[in-house]
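This is coords_15.txt. It holds compact mmCIF, C-alpha atoms.
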# COMPACT_ATOMS: atom_id res chain seq x y z
CA MET A 1 -15.17 107.23 -71.69
CA ASN A 2 -16.16 110.70 -72.78
CA GLN A 3 -19.23 109.53 -74.67
CA SER A 4 -22.91 110.18 -75.14
CA PRO A 5 -24.71 109.38 -71.87
CA PHE A 6 -27.10 106.90 -73.50
CA PHE A 7 -24.20 104.54 -74.28
CA ASN A 8 -23.80 101.87 -71.65
CA ARG A 9 -20.24 100.65 -71.47
CA HIS A 10 -20.04 97.16 -70.01
CA PRO A 11 -17.25 96.08 -67.62
CA HIS A 12 -15.42 93.90 -70.12
CA TYR A 13 -11.76 94.52 -70.86
CA LEU A 14 -10.30 92.24 -73.51
CA ARG A 15 -6.60 92.88 -73.00
CA PRO A 16 -3.60 91.37 -74.77
CA ASP A 17 -2.34 88.26 -73.00
CA PRO A 18 1.26 87.16 -73.68
CA SER A 19 0.53 83.73 -72.19
CA ARG A 20 -1.69 82.90 -75.18
CA VAL A 21 0.43 81.19 -77.81
CA ILE A 22 0.31 79.27 -81.04
CA VAL A 23 2.90 76.67 -81.97
CA ARG A 24 4.41 77.47 -85.36
CA ALA A 25 6.88 75.75 -87.65
CA PHE A 26 10.53 76.45 -86.85
CA ARG A 27 12.81 76.18 -89.87
CA PRO A 28 16.52 76.13 -89.02
CA ALA A 29 18.30 78.21 -91.62
CA ILE A 30 21.77 79.55 -92.31
CA GLU A 31 20.85 82.93 -90.82
CA PRO A 32 18.60 83.19 -87.75
CA ARG A 33 15.99 85.30 -89.55
CA ASP A 34 16.22 83.58 -92.91
CA TYR A 35 13.25 81.22 -93.05
CA ASN A 36 13.43 80.32 -96.77
CA PRO A 37 14.18 77.57 -97.40
CA ILE A 38 14.95 75.16 -94.58
CA ASP A 39 18.63 74.27 -94.14
CA ALA A 40 18.51 70.49 -94.58
CA SER A 41 22.01 70.05 -93.19
CA ARG A 42 21.22 71.76 -89.89
CA ALA A 43 17.88 69.94 -89.69
CA ASN A 44 19.56 66.58 -90.07
CA HIS A 45 22.12 67.43 -87.42
CA ILE A 46 19.28 68.12 -84.97
CA VAL A 47 17.57 64.83 -85.91
CA ALA A 48 20.79 62.91 -85.43
CA ARG A 49 21.22 64.36 -81.95
CA VAL A 50 17.71 63.34 -80.99
CA LEU A 51 18.28 59.82 -82.30
CA GLY A 52 21.40 59.70 -80.16
CA LEU A 53 19.27 59.80 -77.01
CA ASP A 54 18.31 56.46 -75.50
CA GLU A 55 14.57 55.81 -75.19
CA THR A 56 14.43 56.60 -71.48
CA GLU A 57 16.10 59.97 -71.91
CA ALA A 58 13.98 60.77 -74.98
CA GLN A 59 10.81 60.02 -72.98
CA SER A 60 12.04 62.27 -70.17
CA VAL A 61 12.74 65.17 -72.54
CA LEU A 62 9.33 64.78 -74.22
CA ALA A 63 7.57 64.63 -70.86
CA GLY A 64 9.28 67.87 -69.87
CA VAL A 65 8.06 69.56 -73.05
CA LEU A 66 4.48 68.43 -72.43
CA ASP A 67 4.60 69.42 -68.78
CA ASN A 68 5.57 72.96 -69.80
CA PHE A 69 2.04 73.42 -71.18
CA ASP A 70 -0.58 73.40 -68.45
CA ASP A 71 -3.63 73.88 -70.67
CA PRO A 72 -5.98 70.89 -70.26
CA GLN A 73 -7.21 71.25 -73.86
CA ARG A 74 -3.77 70.92 -75.39
CA ASN A 75 -3.27 68.53 -78.26
CA LEU A 76 0.47 68.79 -78.45
CA LEU A 77 1.28 65.24 -79.47
CA ALA A 78 -0.94 65.58 -82.54
CA ILE A 79 0.76 68.88 -83.36
CA PHE A 80 4.20 67.28 -82.99
CA GLU A 81 3.16 64.41 -85.26
CA GLN A 82 1.82 66.82 -87.88
CA ARG A 83 5.11 68.72 -87.88
CA ALA A 84 7.13 65.50 -88.12
CA ALA A 85 5.02 64.44 -91.11
CA GLU A 86 5.80 67.76 -92.81
CA MET A 87 9.51 67.03 -92.42
CA GLU A 88 9.49 63.55 -93.99
CA GLU A 89 11.62 64.48 -96.99
CA VAL A 90 14.29 66.10 -94.85
CA PHE A 91 14.46 63.03 -92.59
CA ALA A 92 14.61 60.48 -95.44
CA ASN A 93 18.23 59.53 -94.72
CA HIS A 94 17.55 58.56 -91.12
CA ALA A 95 16.46 55.27 -89.68
CA LYS A 96 12.93 54.63 -88.60
CA PHE A 97 11.95 56.58 -85.47
CA SER A 98 10.18 55.33 -82.39
CA PRO A 99 6.91 57.15 -81.54
CA THR A 100 8.71 59.04 -78.77
CA GLN A 101 11.55 60.08 -81.08
CA ARG A 102 9.10 61.15 -83.78
CA SER A 103 7.12 63.32 -81.34
CA LEU A 104 10.28 64.81 -79.94
CA ILE A 105 11.67 65.61 -83.38
CA GLY A 106 8.39 67.33 -84.24
CA ALA A 107 8.79 69.44 -81.09
CA TYR A 108 12.32 70.49 -82.06
CA PHE A 109 11.01 71.95 -85.31
CA LEU A 110 8.32 74.09 -83.69
CA HIS A 111 8.39 77.28 -81.67
CA GLU A 112 5.90 79.21 -79.57
CA TYR A 113 4.57 82.56 -80.78
CA SER A 114 2.67 84.87 -78.46
CA PHE A 115 0.20 86.15 -81.01
CA GLU A 116 -1.56 88.76 -78.87
CA ALA A 117 1.33 89.92 -76.66
CA ALA A 118 1.21 93.53 -77.88
CA ALA A 119 -2.43 94.34 -78.68
CA LEU A 120 -5.97 92.97 -78.95
CA PHE A 121 -8.16 95.42 -80.75
CA ASN A 122 -10.49 96.45 -83.62
CA PRO A 123 -13.30 93.99 -82.86
CA SER A 124 -16.39 93.10 -84.85
CA ILE A 125 -19.44 91.12 -83.72
CA VAL A 126 -21.98 88.77 -85.35
CA PRO A 127 -24.59 86.28 -84.11
CA HIS A 128 -23.17 82.82 -83.49
CA PRO A 129 -24.34 80.24 -86.07
CA ASP A 130 -25.33 77.92 -83.20
CA GLN A 131 -28.02 79.32 -80.92
CA SER A 132 -28.93 75.99 -79.31
CA GLY A 133 -29.41 76.11 -75.55
CA VAL A 134 -29.62 79.91 -75.40
CA GLU A 135 -32.25 81.37 -73.06
CA PRO A 136 -35.30 82.94 -74.74
CA GLY A 137 -34.59 86.55 -75.65
CA SER A 138 -30.82 86.05 -75.36
CA LEU A 139 -28.32 85.78 -78.20
CA ARG A 140 -24.99 83.99 -78.47
CA PHE A 141 -22.40 85.96 -80.45
CA ILE A 142 -18.90 85.75 -81.87
CA LEU A 143 -16.36 88.53 -81.46
CA SER A 144 -13.49 88.73 -83.91
CA LEU A 145 -10.40 90.63 -82.82
CA ARG A 146 -7.13 91.72 -84.36
CA ALA A 147 -4.24 90.33 -82.32
CA VAL A 148 -0.71 91.70 -82.60
CA GLY A 149 2.40 89.87 -81.44
CA GLU A 150 6.16 90.03 -81.90
CA GLY A 151 7.28 91.88 -85.02
CA HIS A 152 3.95 93.75 -85.33
CA ILE A 153 2.38 90.74 -87.05
CA SER A 154 -1.42 90.80 -86.99
CA SER A 155 -3.65 87.74 -86.90
CA LEU A 156 -7.34 87.05 -86.40
CA THR A 157 -8.70 85.56 -83.18
CA PHE A 158 -12.16 85.00 -81.72
CA ARG A 159 -14.22 85.03 -78.52
CA ARG A 160 -17.70 83.69 -77.76
CA GLY A 161 -20.24 85.47 -75.60
CA THR A 162 -23.92 85.99 -74.84
CA ILE A 163 -26.19 89.00 -74.45
CA SER A 164 -29.30 88.46 -72.33
CA ALA A 165 -32.78 89.79 -72.95
CA GLU A 166 -32.03 92.46 -70.33
CA GLY A 167 -28.86 93.52 -72.13
CA GLU A 168 -26.32 91.88 -69.81
CA ILE A 169 -23.20 90.63 -71.61
CA SER A 170 -20.94 87.70 -70.75
CA ILE A 171 -17.79 86.70 -72.64
CA GLU A 172 -16.15 83.31 -72.21
CA PRO A 173 -12.48 83.25 -71.18
CA PRO A 174 -10.07 82.12 -73.91
CA VAL A 175 -7.99 78.95 -74.03
CA ARG A 176 -4.25 79.52 -73.52
CA LEU A 177 -2.83 77.24 -76.22
CA ALA A 178 -4.38 78.24 -79.53
CA CYS A 179 -4.22 76.32 -82.80
CA LEU A 180 -3.64 77.06 -86.46
CA PRO A 181 -5.81 75.65 -89.25
CA HIS A 182 -4.59 73.24 -91.87
CA ILE A 183 -4.85 74.17 -95.53
CA SER A 184 -7.60 71.97 -96.91
CA GLY A 185 -7.51 73.22 -100.49
CA ARG A 186 -6.43 75.84 -102.99
CA ILE A 187 -8.50 77.05 -105.95
CA GLY A 188 -6.79 79.76 -107.94
CA ASP A 189 -6.03 82.62 -105.54
CA SER A 190 -8.36 81.28 -102.84
CA ILE A 191 -7.22 79.23 -99.85
CA ASP A 192 -9.45 76.91 -97.83
CA LEU A 193 -8.65 76.48 -94.14
CA ALA A 194 -10.07 74.09 -91.56
CA PHE A 195 -9.75 73.85 -87.77
CA PRO A 196 -10.47 70.76 -85.70
CA ALA A 197 -14.24 70.60 -85.25
CA ASP A 198 -13.86 69.98 -81.52
CA SER A 199 -11.64 73.02 -80.95
CA ASN A 200 -12.83 75.89 -78.79
CA ILE A 201 -13.50 78.98 -80.92
CA SER A 202 -11.03 81.00 -78.84
CA GLN A 203 -8.34 78.50 -79.87
CA ARG A 204 -8.76 79.26 -83.58
CA VAL A 205 -6.24 81.74 -84.94
CA ILE A 206 -6.01 82.71 -88.60
CA PHE A 207 -2.38 83.65 -89.03
CA PRO A 208 -0.79 85.11 -92.19
CA ILE A 209 -0.37 82.42 -94.83
CA THR A 210 0.45 84.09 -98.14
CA GLU A 211 3.16 86.53 -99.11
CA ALA A 212 0.53 89.27 -99.44
CA GLN A 213 -0.43 88.67 -95.79
CA ALA A 214 3.10 88.23 -94.46
CA ASN A 215 2.93 91.08 -91.94
CA GLY A 216 -0.71 90.92 -91.09
CA ILE A 217 -4.35 90.02 -91.45
CA GLU A 218 -5.81 93.31 -90.23
CA ASP A 219 -9.20 94.69 -89.17
CA ALA A 220 -11.68 91.99 -90.21
CA ARG A 221 -15.19 93.41 -90.60
CA PHE A 222 -17.53 90.42 -90.16
CA VAL A 223 -21.15 90.49 -91.25
CA ALA A 224 -23.92 87.87 -91.27
CA PHE A 225 -24.99 87.98 -94.92
CA GLU A 226 -28.51 86.78 -95.77
CA ASP A 227 -29.35 85.51 -99.24
CA LEU A 228 -32.19 83.20 -100.28
CA GLY A 229 -32.78 82.10 -96.69
CA ARG A 230 -29.14 81.16 -96.11
CA THR A 231 -26.68 82.88 -93.77
CA THR A 232 -23.03 83.16 -94.78
CA TYR A 233 -20.49 85.03 -92.69
CA TYR A 234 -18.20 87.28 -94.68
CA ALA A 235 -15.40 89.53 -93.53
CA THR A 236 -13.39 92.03 -95.49
CA TYR A 237 -9.89 92.59 -94.13
CA THR A 238 -6.58 94.16 -95.06
CA ALA A 239 -3.72 91.90 -96.12
CA TYR A 240 -0.39 93.60 -95.38
CA SER A 241 2.80 92.25 -96.91
CA GLY A 242 5.09 94.63 -95.02
CA ARG A 243 5.24 96.91 -98.06
CA THR A 244 1.84 96.89 -99.74
CA ILE A 245 -1.79 96.34 -98.79
CA ARG A 246 -4.80 94.85 -100.51
CA SER A 247 -8.36 94.02 -99.50
CA GLU A 248 -9.29 90.36 -99.14
CA LEU A 249 -12.40 88.41 -98.15
CA ILE A 250 -13.08 85.66 -95.63
CA GLU A 251 -16.07 83.36 -96.06
CA THR A 252 -17.39 80.88 -93.50
CA GLN A 253 -20.65 79.29 -92.42
CA ASP A 254 -19.55 77.71 -89.16
CA PHE A 255 -16.31 79.46 -88.04
CA VAL A 256 -14.57 76.09 -88.35
CA SER A 257 -13.85 76.11 -92.10
CA PHE A 258 -12.87 79.31 -93.88
CA ARG A 259 -12.11 80.46 -97.40
CA LEU A 260 -9.74 83.39 -97.99
CA VAL A 261 -9.68 85.12 -101.37
CA PRO A 262 -8.33 88.48 -102.63
CA LEU A 263 -10.70 91.14 -103.90
CA ARG A 264 -10.21 92.75 -107.30
CA GLY A 265 -10.96 96.06 -108.95
CA ALA A 266 -10.15 99.73 -108.54
CA ALA A 267 -12.00 100.02 -105.21
CA ALA A 268 -10.09 97.13 -103.61
CA VAL A 269 -6.70 98.82 -103.53
CA ASN A 270 -7.40 100.53 -100.19
CA LYS A 271 -8.44 99.28 -96.77
CA GLY A 272 -11.66 99.60 -94.83
CA MET A 273 -14.27 97.95 -97.08
CA ALA A 274 -17.52 96.90 -95.39
CA LEU A 275 -20.17 94.65 -96.96
CA PHE A 276 -23.92 95.26 -96.61
CA PRO A 277 -25.71 92.30 -94.95
CA ARG A 278 -27.84 91.59 -98.02
CA LYS A 279 -27.98 92.41 -101.72
CA ILE A 280 -29.43 95.73 -102.81
CA ASP A 281 -31.40 95.68 -106.07
CA GLY A 282 -29.92 92.26 -106.80
CA ARG A 283 -26.28 93.29 -106.36
CA TYR A 284 -23.69 93.06 -103.62
CA ALA A 285 -22.98 96.45 -102.03
CA MET A 286 -20.16 97.84 -99.92
CA ILE A 287 -19.09 101.01 -98.16
CA ALA A 288 -15.49 101.79 -99.17
CA ARG A 289 -12.90 104.52 -98.90
CA TYR A 290 -10.57 104.54 -101.87
CA ASP A 291 -9.69 108.25 -101.94
CA ASN A 292 -8.13 108.25 -98.43
CA GLU A 293 -10.68 110.82 -97.28
CA GLY A 294 -14.40 110.03 -97.67
CA LEU A 295 -16.83 107.14 -98.00
CA HIS A 296 -18.30 105.71 -101.20
CA LEU A 297 -21.07 103.27 -102.11
CA ILE A 298 -19.84 100.57 -104.50
CA TYR A 299 -21.49 97.55 -106.13
CA SER A 300 -20.43 94.16 -107.48
CA ASP A 301 -22.17 91.39 -109.41
CA ASP A 302 -19.90 88.60 -108.18
CA LEU A 303 -18.71 89.68 -104.69
CA LEU A 304 -15.04 89.73 -105.75
CA ASP A 305 -14.70 92.48 -108.38
CA TRP A 306 -15.33 96.03 -107.13
CA SER A 307 -15.24 99.13 -109.30
CA LEU A 308 -15.40 102.75 -108.18
CA GLY A 309 -18.78 104.05 -107.08
CA THR A 310 -20.71 106.99 -105.67
CA PRO A 311 -19.30 109.35 -103.02
CA ILE A 312 -21.72 109.58 -100.08
CA LEU A 313 -19.84 111.11 -97.16
CA SER A 314 -16.97 113.56 -96.82
CA PRO A 315 -15.44 115.34 -93.81
CA GLN A 316 -17.75 118.00 -92.45
CA TYR A 317 -17.11 118.46 -88.74
CA SER A 318 -13.82 119.32 -86.98
CA TRP A 319 -13.42 115.86 -85.42
CA GLU A 320 -13.31 114.27 -88.91
CA PHE A 321 -11.45 116.89 -90.97
CA VAL A 322 -8.55 114.53 -91.82
CA GLN A 323 -10.68 111.61 -93.06
CA ILE A 324 -13.74 109.47 -92.51
CA GLY A 325 -13.94 105.69 -92.53
CA ASN A 326 -16.50 103.06 -91.63
CA CYS A 327 -16.65 101.13 -88.37
CA GLY A 328 -18.05 97.99 -89.92
CA SER A 329 -20.96 96.91 -92.06
CA PRO A 330 -24.22 98.88 -92.22
CA ILE A 331 -27.00 97.64 -89.90
CA GLU A 332 -30.52 97.45 -91.29
CA LEU A 333 -33.16 99.29 -89.25
CA ASP A 334 -36.76 100.16 -90.12
CA GLU A 335 -35.63 103.77 -90.46
CA GLY A 336 -32.66 103.11 -92.76
CA TRP A 337 -29.13 101.74 -92.81
CA LEU A 338 -27.20 102.59 -89.64
CA LEU A 339 -23.50 103.03 -90.36
CA PHE A 340 -20.99 103.67 -87.61
CA THR A 341 -18.07 105.76 -88.79
CA HIS A 342 -14.70 106.87 -87.51
CA GLY A 343 -13.49 110.39 -87.93
CA VAL A 344 -9.87 111.50 -87.71
CA GLY A 345 -9.18 114.92 -86.21
CA PRO A 346 -6.24 116.89 -84.83
CA ILE A 347 -3.09 114.87 -84.01
CA ARG A 348 -4.84 111.94 -85.75
CA ARG A 349 -7.35 111.52 -82.95
CA TYR A 350 -9.90 108.83 -83.87
CA SER A 351 -13.51 109.15 -82.70
CA ILE A 352 -16.64 107.12 -83.48
CA GLY A 353 -19.71 108.68 -85.07
CA ALA A 354 -22.71 107.43 -87.01
CA VAL A 355 -24.85 108.18 -90.05
CA LEU A 356 -28.18 106.90 -91.31
CA LEU A 357 -28.51 105.98 -94.99
CA ASP A 358 -31.74 105.73 -96.95
CA LYS A 359 -33.23 102.21 -96.82
CA HIS A 360 -33.89 102.02 -100.57
CA ASP A 361 -31.08 104.23 -101.87
CA PRO A 362 -28.09 104.02 -99.49
CA SER A 363 -26.22 106.66 -101.49
CA LYS A 364 -28.47 109.20 -99.68
CA VAL A 365 -27.52 110.29 -96.16
CA ILE A 366 -30.67 111.02 -94.15
CA GLY A 367 -29.13 111.32 -90.67
CA ARG A 368 -25.76 112.23 -89.25
CA ALA A 369 -24.23 112.75 -85.80
CA GLN A 370 -22.69 116.20 -85.54
CA VAL A 371 -20.50 115.24 -82.57
CA PRO A 372 -18.63 112.02 -81.79
CA LEU A 373 -20.62 109.32 -80.04
CA ILE A 374 -17.47 107.85 -78.50
CA GLN A 375 -14.09 109.53 -78.27
CA PRO A 376 -10.83 108.92 -76.39
CA GLU A 377 -10.64 109.95 -72.76
CA LYS A 378 -7.46 111.26 -71.17
CA SER A 379 -7.29 108.38 -68.68
CA GLU A 380 -7.24 105.81 -71.51
CA ARG A 381 -5.48 107.63 -74.32
CA GLU A 382 -2.09 105.88 -73.97
CA GLY A 383 -1.49 102.63 -75.79
CA TYR A 384 -0.03 100.92 -78.83
CA VAL A 385 -1.45 103.78 -80.93
CA PRO A 386 -2.51 106.61 -78.58
CA ASN A 387 -5.68 108.68 -78.76
CA VAL A 388 -7.81 106.23 -80.76
CA VAL A 389 -11.21 104.53 -80.43
CA TYR A 390 -12.14 102.20 -83.28
CA SER A 391 -14.57 99.43 -84.17
CA CYS A 392 -14.88 96.98 -87.05
CA GLY A 393 -18.54 96.14 -86.63
CA ALA A 394 -21.66 96.35 -84.44
CA MET A 395 -24.82 94.22 -84.22
CA LYS A 396 -28.54 94.78 -83.65
CA VAL A 397 -30.11 92.73 -80.86
CA GLY A 398 -33.77 93.52 -80.31
CA SER A 399 -34.08 97.20 -79.44
CA ARG A 400 -30.34 97.58 -78.83
CA ILE A 401 -27.15 98.05 -80.77
CA VAL A 402 -24.13 96.17 -79.42
CA LEU A 403 -20.91 98.00 -80.29
CA PRO A 404 -17.53 96.48 -79.41
CA TYR A 405 -14.62 98.87 -79.86
CA ALA A 406 -10.93 99.20 -79.21
CA ILE A 407 -9.11 101.77 -77.12
CA SER A 408 -5.71 103.13 -78.18
CA ASP A 409 -5.15 100.09 -80.42
CA THR A 410 -4.37 98.13 -77.27
CA PHE A 411 -7.45 96.53 -75.70
CA SER A 412 -11.14 96.18 -76.46
CA THR A 413 -14.38 96.79 -74.62
CA ILE A 414 -18.08 96.68 -75.46
CA ALA A 415 -21.03 99.07 -75.21
CA THR A 416 -24.76 98.99 -75.88
CA VAL A 417 -27.23 101.70 -76.84
CA LYS A 418 -30.99 101.75 -77.31
CA ILE A 419 -31.82 102.29 -80.98
CA ASP A 420 -34.49 104.92 -80.33
CA ARG A 421 -32.05 107.00 -78.31
CA LEU A 422 -29.42 106.71 -81.03
CA LEU A 423 -31.87 107.82 -83.69
CA GLU A 424 -32.55 110.96 -81.65
CA VAL A 425 -29.06 112.25 -82.45
CA LEU A 426 -29.19 111.21 -86.12
CA LEU A 427 -32.62 112.58 -87.11
CA PRO A 428 -33.39 114.98 -88.57
CA PHE A 429 -30.31 115.33 -90.74
CA PRO A 430 -28.85 118.85 -90.17
CA GLY A 431 -27.61 119.09 -93.78
Would you mind writing the file out in structure tokens?
Amino acid sequence: MNQSPFFNRHPHYLRPDPSRVIVRAFRPAIEPRDYNPIDASRANHIVARVLGLDETEAQSVLAGVLDNFDDPQRNLLAIFEQRAAEMEEVFANHAKFSPTQRSLIGAYFLHEYSFEAAALFNPSIVPHPDQSGVEPGSLRFILSLRAVGEGHISSLTFRRGTISAEGEISIEPPVRLACLPHISGRIGDSIDLAFPADSNISQRVIFPITEAQANGIEDARFVAFEDLGRTTYYATYTAYSGRTIRSELIETQDFVSFRLVPLRGAAAVNKGMALFPRKIDGRYAMIARYDNEGLHLIYSDDLLDWSLGTPILSPQYSWEFVQIGNCGSPIELDEGWLLFTHGVGPIRRYSIGAVLLDKHDPSKVIGRAQVPLIQPEKSEREGYVPNVVYSCGAMKVGSRIVLPYAISDTFSTIATVKIDRLLEVLLPFPG
């Protein structure tokens, strides 16, 4: 990459993998792309055909379905049973099924979806809630990534990795067959989701659930939020219906159970909100861009309602003349709040920069990079969206900053930088 020489880019390339799939509900309908509601007549015809198989043939068909998945961590029979249970009302007119028939019927009303076939990008990073067994000086982390599959539908997926005391990074390979959570509750506009506790974190995929999310859960900016000695992981993200967007919030403490809730207020109508990792003067604080051009500091008393705030950053240099946005939540240093930014320049070229905000009054900019820290290189500029580098969140580990970022909205990589070297290009603020 054409980047500042003190950045150390690690040899990790998280590329989209079409072999990674989730198994989703298939709803036979009158038209192939009409999924509302299910056509009960067609569904019953399929059930009748399955019941017409003798037990030996049914077992053979089911065995063939299971054999098609070579992942040792699969739990397909449980998935088939769950789908069959969801179809109980439709199947009410049929006789009692054998276990084999029930599993097979569940399989007929599911389909595979390659959720990251097109792109795997816009990562963020936080410490893992479980640091047991980690070597002294090392840190286990969670990467969140935006995955894009057929139909440009975005979902949220995860990876687990470790950074050593010496700064070496390892990332665990993902499991091929991923899983969707079950809805464990609804309270007003919020939705509670839960994954199997024994699932691998790379298996867990948060796929669009509501109408507001129908075309995507985009660009989650995770942060480890500290309050009264307790760590809660929050992520702001963009819900895209296919026509409109809105900002929403994810909350979790263990990355097994999640709560999703929409944000409210005048500042929540745009994308790219990033939460500070702790309260400031007793209030929640965010960096937001609601004017499509610059960054603002906004506050909330309840975490969900966000009004307009104070402008803090506007385009100043040629590589950010179109607009500025954040690249994730601010990172607290002794010297101030470190905020990575993205600037958009000619031909909508995205580059990554950084600013330093005052520790006690983050509306004041006390340091700013005049040139991009990371920008697209010619050899890597082609992709799903060309000429772009972008991140949704970095993390401080000892004397280093760990910055995962995406290239051309296609794949992701990861870099580290020593904090003292980074501060050299931010201080003093040139004005």
* **Distance query stretch 7-15 of chain A at most 10 Å, all atoms listed in the file, self and fewer than 3 positions along chain excluded, as a ChimeraX atom specification** => /A:1,3-4,18,116-121,123,145,147,159,167-171,173,373-374,401-404,406-407,410-418,421-422
* To do: Quote the spacing between atom CA of A:Cys179 and atom CA of A:Met87 in Å to one decimal place.
  =>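 That distance, rounded to one decimal, is 19.2 Å.
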So which residues touch A:Gly325 within 12 Å, counting all atoms listed in the file, skipping near sequence neighbours fewer than 5 positions away, as a JSON list (two decimals) with C-alpha atoms, in the coordinates of the input?
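The file below, selection.json, is the result:
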[["chain", "number", "residue", "atom", "x", "y", "z"],
["A", 270, "ASN", "CA", -7.40, 100.53, -100.19],
["A", 271, "LYS", "CA", -8.44, 99.28, -96.77],
["A", 272, "GLY", "CA", -11.66, 99.60, -94.83],
["A", 273, "MET", "CA", -14.27, 97.95, -97.08],
["A", 274, "ALA", "CA", -17.52, 96.90, -95.39],
["A", 287, "ILE", "CA", -19.09, 101.01, -98.16],
["A", 288, "ALA", "CA", -15.49, 101.79, -99.17],
["A", 289, "ARG", "CA", -12.90, 104.52, -98.90],
["A", 290, "TYR", "CA", -10.57, 104.54, -101.87],
["A", 291, "ASP", "CA", -9.69, 108.25, -101.94],
["A", 292, "ASN", "CA", -8.13, 108.25, -98.43],
["A", 293, "GLU", "CA", -10.68, 110.82, -97.28],
["A", 294, "GLY", "CA", -14.40, 110.03, -97.67],
["A", 295, "LEU", "CA", -16.83, 107.14, -98.00],
["A", 296, "HIS", "CA", -18.30, 105.71, -101.20],
["A", 312, "ILE", "CA", -21.72, 109.58, -100.08],
["A", 313, "LEU", "CA", -19.84, 111.11, -97.16],
["A", 314, "SER", "CA", -16.97, 113.56, -96.82],
["A", 315, "PRO", "CA", -15.44, 115.34, -93.81],
["A", 320, "GLU", "CA", -13.31, 114.27, -88.91],
["A", 339, "LEU", "CA", -23.50, 103.03, -90.36],
["A", 340, "PHE", "CA", -20.99, 103.67, -87.61],
["A", 341, "THR", "CA", -18.07, 105.76, -88.79],
["A", 342, "HIS", "CA", -14.70, 106.87, -87.51],
["A", 343, "GLY", "CA", -13.49, 110.39, -87.93],
["A", 344, "VAL", "CA", -9.87, 111.50, -87.71],
["A", 350, "TYR", "CA", -9.90, 108.83, -83.87],
["A", 351, "SER", "CA", -13.51, 109.15, -82.70],
["A", 352, "ILE", "CA", -16.64, 107.12, -83.48],
["A", 353, "GLY", "CA", -19.71, 108.68, -85.07],
["A", 354, "ALA", "CA", -22.71, 107.43, -87.01],
["A", 355, "VAL", "CA", -24.85, 108.18, -90.05],
["A", 390, "TYR", "CA", -12.14, 102.20, -83.28],
["A", 391, "SER", "CA", -14.57, 99.43, -84.17],
["A", 392, "CYS", "CA", -14.88, 96.98, -87.05]]
* **Selection near A:Ser98, 10 Å with all atoms listed in the file, sequence-local residues under 3 positions removed, as a list in words** =>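 Neighbouring residues, sequence-local ones excluded: Leu51, Glu55, Ala58, Ala95, Gln101, Arg102, Ser103 and Leu104 of chain A.
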* To do: Just give me the gap between atom CA of A:Leu156 and atom CA of A:Ser132 in Å, one decimal is fine.
  =>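 Computed distance, atom CA of A:Leu156 to atom CA of A:Ser132, equals 25.3 Å.
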* Asked: Could you work out how far atom CA of A:Pro372 lies from atom CA of A:Ser318, giving the answer in Å with one decimal?
  ->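 These atoms are spaced 10.2 Å apart.
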* **Test item: residues at most 10 Å from stretch 23-29 of chain A, only C-alpha atoms, excluding those fewer than 5 positions along its chain, as number ranges by chain** => A: 34-43, 46, 76, 79-80, 83, 86, 106-115, 177-180, 207
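Look at A:Phe141: the protein and nucleic acid residues within 7 Å of it, using only C-alpha atoms and passing over chain neighbours fewer than 6 places away, are Ile125, Val126, Pro127, His128, Arg160, Gly161 and Thr162 of chain A.
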Give me the box for stretch 157-176 of chain A as AutoDock Vina command-line options, namely the centre and edge lengths in Å to one decimal of a box along x, y and z that holds every listed atom plus 6 Å on each side.
--center_x -18.5 --center_y 86.2 --center_z -76.5 --size_x 40.5 --size_y 26.6 --size_z 25.4
* To do: Give as a ChimeraX atom specification the set of residues within 6 Å of the point (-20.6, 94.1, -103.2), where distances use the file's coordinates and all atoms listed in the file.
  => /A:284-286,299-300,303
* Asked: Using only C-alpha atoms, which residue out of A:Leu275, A:Ile187, A:Leu357, A:Ala267 lies closest to A:Ala235?
  ->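 Ranked by minimum distance to A:Ala235, first place goes to A:Leu275.
Minimum distance to A:Glu166 across A:Gly398, A:Gly367, A:Gly229, A:Pro262 (counting only C-alpha atoms) occurs at A:Gly398.
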* Structure fact -> Min atom-atom distance to A:Asp301 from the set A:Asp189, A:Glu226, A:Asp17, A:Asp281, counting only C-alpha atoms, belongs to A:Asp281
* To do: Have a look at A:Val50, A:Ile347, A:Val21, A:Ile105 and name the one nearest to A:Val385; count all atoms listed in the file.
  => A:Ile347
